[in-house]
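Just my_file.pdb here, PDB, C-alpha atoms and all ligand atoms:
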```pdb
ATOM      1  CA  MET A  12     109.469 102.874  93.959  1.00  0.00           C
ATOM      2  CA  ARG A  13     110.487  99.600  92.386  1.00  0.00           C
ATOM      3  CA  ILE A  14     108.209  96.548  92.569  1.00  0.00           C
ATOM      4  CA  ASP A  15     109.380  93.132  91.351  1.00  0.00           C
ATOM      5  CA  ILE A  16     106.679  90.504  91.002  1.00  0.00           C
ATOM      6  CA  ILE A  17     107.595  86.819  90.774  1.00  0.00           C
ATOM      7  CA  THR A  18     104.981  84.604  89.134  1.00  0.00           C
ATOM      8  CA  VAL A  19     104.426  81.418  87.134  1.00  0.00           C
ATOM      9  CA  LEU A  20     101.791  83.237  85.046  1.00  0.00           C
ATOM     10  CA  PRO A  21     103.294  86.534  83.856  1.00  0.00           C
ATOM     11  CA  SER A  22     100.625  86.951  81.176  1.00  0.00           C
ATOM     12  CA  LEU A  23      97.954  87.262  83.872  1.00  0.00           C
ATOM     13  CA  LEU A  24      99.553  90.540  84.941  1.00  0.00           C
ATOM     14  CA  ASP A  25     100.142  92.008  81.463  1.00  0.00           C
ATOM     15  CA  SER A  26      96.872  93.811  81.011  1.00  0.00           C
ATOM     16  CA  PHE A  27      96.922  95.185  84.551  1.00  0.00           C
ATOM     17  CA  LEU A  28     100.385  96.666  84.050  1.00  0.00           C
ATOM     18  CA  ASN A  29      99.618  98.207  80.715  1.00  0.00           C
ATOM     19  CA  HIS A  30      96.524 100.212  81.518  1.00  0.00           C
ATOM     20  CA  SER A  31      95.314 103.257  83.294  1.00  0.00           C
ATOM     21  CA  ILE A  32      96.984 104.658  86.387  1.00  0.00           C
ATOM     22  CA  VAL A  33      99.529 101.851  86.692  1.00  0.00           C
ATOM     23  CA  LYS A  34     100.734 102.431  83.139  1.00  0.00           C
ATOM     24  CA  LYS A  35     100.837 106.210  83.586  1.00  0.00           C
ATOM     25  CA  ALA A  36     102.838 105.878  86.797  1.00  0.00           C
ATOM     26  CA  GLN A  37     105.429 103.808  84.921  1.00  0.00           C
ATOM     27  CA  ASP A  38     105.494 106.191  81.964  1.00  0.00           C
ATOM     28  CA  LYS A  39     106.090 109.106  84.333  1.00  0.00           C
ATOM     29  CA  GLY A  40     108.962 107.167  85.901  1.00  0.00           C
ATOM     30  CA  LEU A  41     107.314 107.214  89.331  1.00  0.00           C
ATOM     31  CA  VAL A  42     107.291 103.460  89.634  1.00  0.00           C
ATOM     32  CA  GLN A  43     109.287 100.661  88.065  1.00  0.00           C
ATOM     33  CA  LEU A  44     107.416  97.398  87.732  1.00  0.00           C
ATOM     34  CA  GLN A  45     109.209  94.228  86.721  1.00  0.00           C
ATOM     35  CA  ILE A  46     107.567  90.869  86.220  1.00  0.00           C
ATOM     36  CA  HIS A  47     109.716  87.758  86.549  1.00  0.00           C
ATOM     37  CA  ASN A  48     108.723  84.387  85.187  1.00  0.00           C
ATOM     38  CA  LEU A  49     109.610  81.840  87.853  1.00  0.00           C
ATOM     39  CA  ARG A  50     110.201  79.230  85.149  1.00  0.00           C
ATOM     40  CA  ASP A  51     113.258  81.199  84.002  1.00  0.00           C
ATOM     41  CA  TYR A  52     114.848  80.279  87.335  1.00  0.00           C
ATOM     42  CA  SER A  53     113.989  76.583  87.255  1.00  0.00           C
ATOM     43  CA  VAL A  54     116.855  74.154  87.686  1.00  0.00           C
ATOM     44  CA  SER A  55     115.313  71.463  85.481  1.00  0.00           C
ATOM     45  CA  LYS A  56     115.461  71.336  81.727  1.00  0.00           C
ATOM     46  CA  HIS A  57     111.662  71.200  81.548  1.00  0.00           C
ATOM     47  CA  ARG A  58     111.439  74.474  83.441  1.00  0.00           C
ATOM     48  CA  THR A  59     109.607  72.745  86.273  1.00  0.00           C
ATOM     49  CA  VAL A  60     108.819  74.922  89.287  1.00  0.00           C
ATOM     50  CA  ASP A  61     106.475  72.705  91.299  1.00  0.00           C
ATOM     51  CA  ASP A  62     106.472  69.214  92.762  1.00  0.00           C
ATOM     52  CA  TYR A  63     104.353  66.849  94.853  1.00  0.00           C
ATOM     53  CA  ALA A  64     103.979  67.562  98.551  1.00  0.00           C
ATOM     54  CA  TYR A  65     106.061  65.451 100.916  1.00  0.00           C
ATOM     55  CA  GLY A  66     103.734  63.266 102.931  1.00  0.00           C
ATOM     56  CA  GLY A  67     101.239  63.033 100.073  1.00  0.00           C
ATOM     57  CA  GLY A  68      97.923  64.735  99.527  1.00  0.00           C
ATOM     58  CA  ALA A  69      96.397  66.661  96.664  1.00  0.00           C
ATOM     59  CA  GLY A  70      98.023  69.698  95.088  1.00  0.00           C
ATOM     60  CA  MET A  71     101.449  70.688  93.888  1.00  0.00           C
ATOM     61  CA  VAL A  72     103.836  72.905  95.832  1.00  0.00           C
ATOM     62  CA  LEU A  73     106.107  75.629  94.434  1.00  0.00           C
ATOM     63  CA  MET A  74     109.707  74.484  94.933  1.00  0.00           C
ATOM     64  CA  ILE A  75     112.205  76.397  97.033  1.00  0.00           C
ATOM     65  CA  GLU A  76     115.096  76.381  94.552  1.00  0.00           C
ATOM     66  CA  PRO A  77     113.669  78.380  91.627  1.00  0.00           C
ATOM     67  CA  VAL A  78     112.266  80.989  94.016  1.00  0.00           C
ATOM     68  CA  VAL A  79     115.577  81.386  95.868  1.00  0.00           C
ATOM     69  CA  ASN A  80     117.451  81.595  92.553  1.00  0.00           C
ATOM     70  CA  CYS A  81     115.150  84.386  91.453  1.00  0.00           C
ATOM     71  CA  LEU A  82     115.349  86.228  94.795  1.00  0.00           C
ATOM     72  CA  GLU A  83     119.137  86.026  94.883  1.00  0.00           C
ATOM     73  CA  SER A  84     119.442  87.246  91.333  1.00  0.00           C
ATOM     74  CA  LEU A  85     117.268  90.295  92.142  1.00  0.00           C
ATOM     75  CA  GLN A  86     119.024  90.947  95.428  1.00  0.00           C
ATOM     76  CA  LYS A  87     122.360  91.057  93.657  1.00  0.00           C
ATOM     77  CA  ASP A  88     121.363  94.286  91.937  1.00  0.00           C
ATOM     78  CA  HIS A  89     119.022  95.903  94.445  1.00  0.00           C
ATOM     79  CA  GLN A  90     118.412  96.098  98.145  1.00  0.00           C
ATOM     80  CA  TYR A  91     114.851  95.171  99.021  1.00  0.00           C
ATOM     81  CA  GLN A  92     113.126  96.334 102.180  1.00  0.00           C
ATOM     82  CA  GLU A  93     110.446  93.644 101.992  1.00  0.00           C
ATOM     83  CA  VAL A  94     110.012  90.267 100.319  1.00  0.00           C
ATOM     84  CA  ILE A  95     106.247  89.823 100.396  1.00  0.00           C
ATOM     85  CA  TYR A  96     104.369  86.571  99.888  1.00  0.00           C
ATOM     86  CA  MET A  97     100.691  86.894  98.995  1.00  0.00           C
ATOM     87  CA  SER A  98      98.903  84.343 101.164  1.00  0.00           C
ATOM     88  CA  PRO A  99      95.329  83.824 102.385  1.00  0.00           C
ATOM     89  CA  ASP A 100      96.611  83.317 105.936  1.00  0.00           C
ATOM     90  CA  GLY A 101      98.760  86.478 105.884  1.00  0.00           C
ATOM     91  CA  GLN A 102      98.094  89.823 107.551  1.00  0.00           C
ATOM     92  CA  SER A 103      94.975  91.470 106.074  1.00  0.00           C
ATOM     93  CA  LEU A 104      95.729  94.261 103.632  1.00  0.00           C
ATOM     94  CA  SER A 105      94.469  97.580 104.968  1.00  0.00           C
ATOM     95  CA  GLN A 106      94.878 101.221 104.047  1.00  0.00           C
ATOM     96  CA  PRO A 107      97.350 101.947 106.877  1.00  0.00           C
ATOM     97  CA  MET A 108      99.453  98.993 105.713  1.00  0.00           C
ATOM     98  CA  ALA A 109      99.336 100.252 102.117  1.00  0.00           C
ATOM     99  CA  ASN A 110     100.347 103.744 103.273  1.00  0.00           C
ATOM    100  CA  GLN A 111     103.327 102.330 105.122  1.00  0.00           C
ATOM    101  CA  LEU A 112     104.460 100.062 102.265  1.00  0.00           C
ATOM    102  CA  SER A 113     104.113 102.835  99.678  1.00  0.00           C
ATOM    103  CA  LEU A 114     106.997 104.644 101.404  1.00  0.00           C
ATOM    104  CA  LEU A 115     109.454 101.833 100.670  1.00  0.00           C
ATOM    105  CA  GLN A 116     111.924 101.989  97.839  1.00  0.00           C
ATOM    106  CA  ASN A 117     112.187  98.406  96.587  1.00  0.00           C
ATOM    107  CA  ILE A 118     109.901  95.477  97.265  1.00  0.00           C
ATOM    108  CA  ILE A 119     109.480  91.965  95.900  1.00  0.00           C
ATOM    109  CA  ILE A 120     106.075  90.297  95.697  1.00  0.00           C
ATOM    110  CA  LEU A 121     105.943  86.519  95.332  1.00  0.00           C
ATOM    111  CA  CYS A 122     102.760  85.006  93.901  1.00  0.00           C
ATOM    112  CA  GLY A 123     102.009  81.500  95.094  1.00  0.00           C
ATOM    113  CA  HIS A 124     100.183  78.872  93.085  1.00  0.00           C
ATOM    114  CA  TYR A 125      98.699  75.409  93.420  1.00  0.00           C
ATOM    115  CA  LYS A 126      98.847  74.318  97.060  1.00  0.00           C
ATOM    116  CA  GLY A 127     101.220  77.129  98.022  1.00  0.00           C
ATOM    117  CA  ILE A 128     104.986  77.437  98.440  1.00  0.00           C
ATOM    118  CA  ASP A 129     107.563  75.322 100.263  1.00  0.00           C
ATOM    119  CA  GLU A 130     107.348  76.333 103.927  1.00  0.00           C
ATOM    120  CA  ARG A 131     111.126  76.916 104.132  1.00  0.00           C
ATOM    121  CA  LEU A 132     110.678  79.931 101.879  1.00  0.00           C
ATOM    122  CA  ARG A 133     108.225  81.405 104.353  1.00  0.00           C
ATOM    123  CA  GLU A 134     110.530  80.686 107.273  1.00  0.00           C
ATOM    124  CA  HIS A 135     113.779  81.973 105.807  1.00  0.00           C
ATOM    125  CA  PHE A 136     113.241  84.249 102.830  1.00  0.00           C
ATOM    126  CA  ILE A 137     109.859  85.974 103.131  1.00  0.00           C
ATOM    127  CA  THR A 138     109.722  89.060 105.344  1.00  0.00           C
ATOM    128  CA  ARG A 139     105.978  89.698 105.232  1.00  0.00           C
ATOM    129  CA  GLU A 140     102.826  87.795 104.272  1.00  0.00           C
ATOM    130  CA  ILE A 141      99.756  89.648 103.081  1.00  0.00           C
ATOM    131  CA  SER A 142      96.203  88.459 102.444  1.00  0.00           C
ATOM    132  CA  ILE A 143      93.596  90.354 100.448  1.00  0.00           C
ATOM    133  CA  GLY A 144      90.725  88.682 102.289  1.00  0.00           C
ATOM    134  CA  ASP A 145      89.432  85.529 103.902  1.00  0.00           C
ATOM    135  CA  TYR A 146      88.809  83.516 100.761  1.00  0.00           C
ATOM    136  CA  VAL A 147      91.090  81.411  98.593  1.00  0.00           C
ATOM    137  CA  LEU A 148      92.025  82.252  94.999  1.00  0.00           C
ATOM    138  CA  SER A 149      93.919  79.946  92.662  1.00  0.00           C
ATOM    139  CA  GLY A 150      97.025  82.100  92.463  1.00  0.00           C
ATOM    140  CA  GLY A 151      98.758  85.111  93.951  1.00  0.00           C
ATOM    141  CA  GLU A 152      98.633  87.213  90.741  1.00  0.00           C
ATOM    142  CA  LEU A 153      95.333  88.963  91.416  1.00  0.00           C
ATOM    143  CA  PRO A 154      96.279  89.598  95.060  1.00  0.00           C
ATOM    144  CA  ALA A 155      99.658  90.978  93.875  1.00  0.00           C
ATOM    145  CA  ALA A 156      97.847  93.245  91.411  1.00  0.00           C
ATOM    146  CA  VAL A 157      95.526  94.440  94.182  1.00  0.00           C
ATOM    147  CA  LEU A 158      98.454  95.245  96.457  1.00  0.00           C
ATOM    148  CA  THR A 159     100.434  96.925  93.671  1.00  0.00           C
ATOM    149  CA  ASP A 160      97.481  99.105  92.680  1.00  0.00           C
ATOM    150  CA  ALA A 161      96.858 100.111  96.294  1.00  0.00           C
ATOM    151  CA  LEU A 162     100.518 101.169  96.643  1.00  0.00           C
ATOM    152  CA  ILE A 163     101.008 102.913  93.322  1.00  0.00           C
ATOM    153  CA  ARG A 164      98.065 105.277  93.672  1.00  0.00           C
ATOM    154  CA  LEU A 165      99.593 106.577  96.920  1.00  0.00           C
ATOM    155  CA  ILE A 166     102.891 107.634  95.341  1.00  0.00           C
ATOM    156  CA  PRO A 167     102.945 111.435  95.045  1.00  0.00           C
ATOM    157  CA  GLY A 168     102.397 112.532  91.458  1.00  0.00           C
ATOM    158  CA  VAL A 169     100.622 109.348  90.340  1.00  0.00           C
ATOM    159  CA  LEU A 170      97.084 110.663  90.711  1.00  0.00           C
ATOM    160  CA  SER A 171      96.479 113.928  88.900  1.00  0.00           C
ATOM    161  CA  ASN A 172      95.101 115.587  92.011  1.00  0.00           C
ATOM    162  CA  GLU A 173      97.446 114.585  94.802  1.00  0.00           C
ATOM    163  CA  SER A 174      94.932 115.100  97.552  1.00  0.00           C
ATOM    164  CA  SER A 175      92.599 112.679  95.828  1.00  0.00           C
ATOM    165  CA  ALA A 176      94.111 109.553  97.420  1.00  0.00           C
ATOM    166  CA  LEU A 177      93.969 111.220 100.819  1.00  0.00           C
ATOM    167  CA  SER A 178      90.238 111.884 100.569  1.00  0.00           C
ATOM    168  CA  ASP A 179      89.427 108.253  99.751  1.00  0.00           C
ATOM    169  CA  SER A 180      87.740 105.869 102.135  1.00  0.00           C
ATOM    170  CA  PHE A 181      89.793 104.627 105.115  1.00  0.00           C
ATOM    171  CA  GLN A 182      92.467 107.344 104.993  1.00  0.00           C
ATOM    172  CA  ASP A 183      91.069 109.081 108.049  1.00  0.00           C
ATOM    173  CA  GLY A 184      89.322 106.107 109.621  1.00  0.00           C
ATOM    174  CA  LEU A 185      86.128 106.979 107.749  1.00  0.00           C
ATOM    175  CA  VAL A 186      84.541 105.727 104.548  1.00  0.00           C
ATOM    176  CA  GLY A 187      84.243 108.266 101.737  1.00  0.00           C
ATOM    177  CA  PRO A 188      81.219 110.538 101.184  1.00  0.00           C
ATOM    178  CA  PRO A 189      78.818 110.037  98.231  1.00  0.00           C
ATOM    179  CA  VAL A 190      79.806 111.638  94.922  1.00  0.00           C
ATOM    180  CA  TYR A 191      77.684 112.894  92.010  1.00  0.00           C
ATOM    181  CA  THR A 192      78.205 114.215  88.500  1.00  0.00           C
ATOM    182  CA  ARG A 193      76.028 115.742  85.764  1.00  0.00           C
ATOM    183  CA  PRO A 194      73.080 115.999  85.294  1.00  0.00           C
ATOM    184  CA  ALA A 195      72.037 117.786  88.488  1.00  0.00           C
ATOM    185  CA  ASP A 196      68.569 116.302  88.101  1.00  0.00           C
ATOM    186  CA  PHE A 197      67.944 112.891  86.549  1.00  0.00           C
ATOM    187  CA  ARG A 198      64.236 111.963  86.350  1.00  0.00           C
ATOM    188  CA  GLY A 199      63.537 113.874  89.523  1.00  0.00           C
ATOM    189  CA  MET A 200      66.543 112.412  91.372  1.00  0.00           C
ATOM    190  CA  ALA A 201      68.343 115.561  92.407  1.00  0.00           C
ATOM    191  CA  VAL A 202      71.924 116.055  93.530  1.00  0.00           C
ATOM    192  CA  PRO A 203      72.124 117.467  97.107  1.00  0.00           C
ATOM    193  CA  LYS A 204      71.805 121.253  96.821  1.00  0.00           C
ATOM    194  CA  VAL A 205      74.865 122.040  98.909  1.00  0.00           C
ATOM    195  CA  LEU A 206      77.131 120.485  96.252  1.00  0.00           C
ATOM    196  CA  LEU A 207      75.850 122.980  93.681  1.00  0.00           C
ATOM    197  CA  SER A 208      76.200 125.950  96.035  1.00  0.00           C
ATOM    198  CA  GLY A 209      79.869 126.708  95.379  1.00  0.00           C
ATOM    199  CA  HIS A 210      80.446 127.227  99.153  1.00  0.00           C
ATOM    200  CA  GLU A 211      83.675 125.330  99.704  1.00  0.00           C
ATOM    201  CA  LYS A 212      83.453 125.315 103.518  1.00  0.00           C
ATOM    202  CA  GLU A 213      79.851 124.084 103.546  1.00  0.00           C
ATOM    203  CA  ILE A 214      80.636 121.401 101.001  1.00  0.00           C
ATOM    204  CA  GLU A 215      83.611 120.207 103.048  1.00  0.00           C
ATOM    205  CA  GLN A 216      81.455 120.126 106.190  1.00  0.00           C
ATOM    206  CA  TRP A 217      78.656 118.231 104.396  1.00  0.00           C
ATOM    207  CA  ARG A 218      81.111 115.654 103.045  1.00  0.00           C
ATOM    208  CA  PHE A 219      82.617 115.134 106.469  1.00  0.00           C
ATOM    209  CA  GLU A 220      79.174 114.649 108.051  1.00  0.00           C
ATOM    210  CA  GLN A 221      78.197 112.170 105.329  1.00  0.00           C
ATOM    211  CA  SER A 222      81.424 110.245 105.895  1.00  0.00           C
ATOM    212  CA  VAL A 223      80.778 110.034 109.621  1.00  0.00           C
ATOM    213  CA  LYS A 224      77.171 108.944 109.080  1.00  0.00           C
ATOM    214  CA  ARG A 225      78.128 106.327 106.505  1.00  0.00           C
ATOM    215  CA  THR A 226      80.923 104.954 108.649  1.00  0.00           C
ATOM    216  CA  GLU A 227      78.452 104.486 111.531  1.00  0.00           C
ATOM    217  CA  GLN A 228      75.979 102.771 109.203  1.00  0.00           C
ATOM    218  CA  ARG A 229      78.370 100.620 107.178  1.00  0.00           C
ATOM    219  CA  ARG A 230      81.168  99.954 109.618  1.00  0.00           C
ATOM    220  CA  PRO A 231      79.501  99.965 113.045  1.00  0.00           C
ATOM    221  CA  ASP A 232      82.475  98.061 114.492  1.00  0.00           C
ATOM    222  CA  GLY A 233      85.020 100.584 113.227  1.00  0.00           C
ATOM    223  CA  ILE A 234      87.498 100.258 110.410  1.00  0.00           C
ATOM    224  CA  PRO A 235      89.990  97.411 110.848  1.00  0.00           C
ATOM    225  CA  GLY A 236      93.579  98.586 110.909  1.00  0.00           C
ATOM    226  CA  SER A 237      92.696 102.249 111.391  1.00  0.00           C
ATOM    227  CA  GLY A 238      92.617 102.062 115.168  1.00  0.00           C
ATOM    228  CA  LYS A 239      89.159 103.709 115.057  1.00  0.00           C
TER
HETATM  229  N1  LIG A 301      96.753  75.945 100.252  1.00  0.00           N
HETATM  230  C1  LIG A 301      96.774  77.326 100.537  1.00  0.00           C
HETATM  231  C2  LIG A 301      96.084  78.121  99.466  1.00  0.00           C
HETATM  232  C3  LIG A 301      96.812  78.174  98.192  1.00  0.00           C
HETATM  233  S1  LIG A 301      96.012  79.175  97.040  1.00  0.00           S
HETATM  234  C4  LIG A 301      96.083  77.583 101.862  1.00  0.00           C
HETATM  235  O1  LIG A 301      95.281  76.765 102.270  1.00  0.00           O
HETATM  236  O2  LIG A 301      96.332  78.633 102.462  1.00  0.00           O
HETATM  237  C5  LIG A 301      97.287  79.481  95.890  1.00  0.00           C
HETATM  238  C6  LIG A 301      97.988  80.809  96.008  1.00  0.00           C
HETATM  239  O3  LIG A 301      97.083  81.855  95.763  1.00  0.00           O
HETATM  240  C7  LIG A 301      98.607  81.103  97.356  1.00  0.00           C
HETATM  241  O4  LIG A 301      99.881  80.555  97.431  1.00  0.00           O
HETATM  242  C8  LIG A 301      98.614  82.632  97.379  1.00  0.00           C
HETATM  243  O5  LIG A 301      99.788  83.148  96.782  1.00  0.00           O
HETATM  244  C9  LIG A 301      97.413  82.997  96.514  1.00  0.00           C
HETATM  245  N2  LIG A 301      96.224  83.417  97.285  1.00  0.00           N
HETATM  246  C10 LIG A 301      95.043  82.748  97.323  1.00  0.00           C
HETATM  247  N3  LIG A 301      94.150  83.402  98.071  1.00  0.00           N
HETATM  248  C11 LIG A 301      94.744  84.523  98.521  1.00  0.00           C
HETATM  249  C12 LIG A 301      94.334  85.611  99.348  1.00  0.00           C
HETATM  250  N4  LIG A 301      93.114  85.666  99.884  1.00  0.00           N
HETATM  251  N5  LIG A 301      95.215  86.597  99.599  1.00  0.00           N
HETATM  252  C13 LIG A 301      96.470  86.552  99.081  1.00  0.00           C
HETATM  253  N6  LIG A 301      96.916  85.545  98.300  1.00  0.00           N
HETATM  254  C14 LIG A 301      96.081  84.541  98.016  1.00  0.00           C
END
```
How would this structure read if it were set down as structure tokens?
Amino acid sequence: MRIDIITVLPSLLDSFLNHSIVKKAQDKGLVQLQIHNLRDYSVSKHRTVDDYAYGGGAGMVLMIEPVVNCLESLQKDHQYQEVIYMSPDGQSLSQPMANQLSLLQNIIILCGHYKGIDERLREHFITREISIGDYVLSGGELPAAVLTDALIRLIPGVLSNESSALSDSFQDGLVGPPVYTRPADFRGMAVPKVLLSGHEKEIEQWRFEQSVKRTEQRRPDGIPGSGK
């Protein structure tokens, strides 16, 4: 999978790209991540990418021209299935959506800033708008990192144990069961006996029951996007 991220703050994404699972996935050649500085596509000599909003009001708006220049330059070399804009009023990111997007070959993610982006971009160039929750952040970089992480860990071979992503919360419309590690007893707080029993079937059954119980307790209205 190839993911191109367009941003005015590339340095905000550096550390995310160069650590942990995301870094390993790139090293293994399972994902290609490219960050593009929107300023490189500015048409002004001061590398300006934003301007005042028509009609007045507070806040700058990302201009259409640099973004379209960047998109067209990427689209010359690759065919993209989605051009995604991270936006608080977009469709809420969910596990089923991440599953679906992780199957695509090439995607572009545009990070907004300031007051947002020129509406004509949303009307004519963006194919999908995704929100990471009903709150407003100052830029689309953290949302883009959230989306990218959610997608990358689903690509086969990225996690050491492939079934691991499938047993996470939300994959089957349930939240995940509790997990424990050593010691088996910490100051009288013991790990449930069944987990130490070595009986695979019983452990699987226990985990399933815990997931069902937790889902009822924590998500009494069901899990959004899962259809359950
Ligand atoms: N004026 C806009 C908010 C702009 S926030 C509005 O009222 O909707 C600046 C940028 O941060 C946005 O362009 C978007 O790319 C990003 N952003 C902020 N909150 C977000 C969220 N919850 N999900 C996804 N992107 C978000």
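Against the coordinates shown, the PyMOL selection byres (((chain A and resi 100-104) around 10) and not hetatm) returns Ile95, Tyr96, Met97, Ser98, Pro99, Ser105, Gln106, Pro107, Met108, Ala109, Arg139, Glu140, Ile141, Ser142, Ile143, Gly144, Asp145, Tyr146, Val147, Pro154, Val157, Leu158, Ala161, Pro235 and Gly236 of chain A.
Reported to one decimal place, the separation of CA of Ala195 (chain A) from CA of Glu213 (chain A) is 18.1 Å.
Proximity of A:Ser149, A:Gln37, A:Ser208, A:Thr159 to ligand LIG 301 (chain A), computed with all atoms listed in the file, is greatest for A:Ser149.
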Discussion item. With all atoms listed in the file as the counted atoms, please give the residues lying no more than 7 Å from Pro21 (chain A), apart from itself and same-chain residues fewer than 4 positions off, as a list of chain:residue names.
Written reply: A:Asp25, A:Ile46, A:Asn48
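Separating atom C9 of ligand LIG 301 (chain A) from CA of Asn110 (chain A) is a distance of 22.0 Å.
Between Gln92 (chain A) and the residues A:Cys122, A:Ile14, A:Leu28, A:Met74, the shortest atom-to-atom distance, using all atoms listed in the file, involves A:Ile14.
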Worksheet item: Given the file above and the PyMOL selection byres (((chain A and resi 177) around 12) and not hetatm), which residues are selected, and can you give them as a count of residues only?
Response: 23
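Among the candidates A:Tyr125, A:Phe197, A:Trp217, A:Tyr191, the residue lying nearest to ligand LIG 301 (chain A) is A:Tyr125 (atoms considered: only C-alpha atoms and all ligand atoms).
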As AutoDock Vina command-line options: centre and edge lengths in Å, one decimal, of the axis-aligned box holding ligand LIG 301 (chain A) with 4 Å per side:
```
--center_x 96.5 --center_y 81.3 --center_z 99.1 --size_x 14.8 --size_y 18.7 --size_z 14.7
```
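Between atom N6 of ligand LIG 301 (chain A) and CA of Ser55 (chain A) there is a distance of 26.5 Å.
Nearest residue to ligand LIG 301 (chain A), choosing from A:Gly168, A:Pro188, A:Gly209, A:Gly123 and counting only C-alpha atoms and all ligand atoms: A:Gly123.
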Discussion item. With the PyMOL selection byres (((chain A and resi 43) around 12) and not hetatm) as the selection, what would be picked from this file? Answer as an MDAnalysis selection string, please.
Written reply: chainID A and resid 12:16 28 33:42 44:46 116:119 159 163 166
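Using all atoms listed in the file, the nearest neighbour of ligand LIG 301 (chain A) within the list A:Met71, A:Val94, A:Leu148, A:Ile120 is A:Leu148.
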Practice prompt. Determine the nearest neighbour of ligand LIG 301 (chain A) from the options A:Ala155, A:Val54, A:Ile137, A:Ile32, counting all atoms listed in the file.
Written response: A:Ala155
Worksheet item: Leaving out Phe136 (chain A) and any residue of its chain fewer than 6 positions from it, which residues lie within 12 Å of it when counting all atoms listed in the file, given as a VMD selection string?
Response: chain A and resid 75 to 76 78 to 83 86 91 93 to 96 119 to 121 128 to 130
Because some atoms of region 28-45 of chain A are absent here, can you restore N, CA and C atoms and send them as a short mmCIF file (atom, residue, chain, number, x, y, z; two decimals), in the coordinates of the input?
```cif
data_model
loop_
_atom_site.label_atom_id
_atom_site.label_comp_id
_atom_site.auth_asym_id
_atom_site.auth_seq_id
_atom_site.Cartn_x
_atom_site.Cartn_y
_atom_site.Cartn_z
N LEU A 28 99.23 95.77 84.06
CA LEU A 28 100.38 96.67 84.05
C LEU A 28 100.33 97.69 82.93
N ASN A 29 99.57 97.36 81.89
CA ASN A 29 99.62 98.21 80.72
C ASN A 29 98.41 99.11 80.53
N HIS A 30 97.70 99.35 81.61
CA HIS A 30 96.52 100.21 81.52
C HIS A 30 96.47 101.25 82.63
N SER A 31 95.77 102.29 82.30
CA SER A 31 95.31 103.26 83.29
C SER A 31 96.42 103.82 84.18
N ILE A 32 96.11 103.96 85.45
CA ILE A 32 96.98 104.66 86.39
C ILE A 32 98.33 103.95 86.54
N VAL A 33 98.30 102.62 86.52
CA VAL A 33 99.53 101.85 86.69
C VAL A 33 100.48 102.11 85.52
N LYS A 34 99.91 102.17 84.33
CA LYS A 34 100.73 102.43 83.14
C LYS A 34 101.29 103.86 83.18
N LYS A 35 100.41 104.80 83.54
CA LYS A 35 100.84 106.21 83.59
C LYS A 35 101.96 106.41 84.60
N ALA A 36 101.82 105.74 85.75
CA ALA A 36 102.84 105.88 86.80
C ALA A 36 104.19 105.39 86.28
N GLN A 37 104.17 104.33 85.48
CA GLN A 37 105.43 103.81 84.92
C GLN A 37 105.96 104.77 83.87
N ASP A 38 105.06 105.27 83.02
CA ASP A 38 105.49 106.19 81.96
C ASP A 38 106.12 107.45 82.56
N LYS A 39 105.56 107.89 83.68
CA LYS A 39 106.09 109.11 84.33
C LYS A 39 107.37 108.81 85.11
N GLY A 40 107.75 107.53 85.19
CA GLY A 40 108.96 107.17 85.90
C GLY A 40 108.79 107.18 87.41
N LEU A 41 107.55 107.15 87.89
CA LEU A 41 107.31 107.21 89.33
C LEU A 41 107.39 105.82 89.96
N VAL A 42 107.20 104.82 89.13
CA VAL A 42 107.29 103.46 89.63
C VAL A 42 107.90 102.58 88.54
N GLN A 43 108.68 101.61 88.99
CA GLN A 43 109.29 100.66 88.06
C GLN A 43 108.73 99.30 88.41
N LEU A 44 108.01 98.70 87.46
CA LEU A 44 107.42 97.40 87.73
C LEU A 44 108.08 96.35 86.86
N GLN A 45 108.56 95.29 87.48
CA GLN A 45 109.21 94.23 86.72
C GLN A 45 108.54 92.91 87.06
#
```
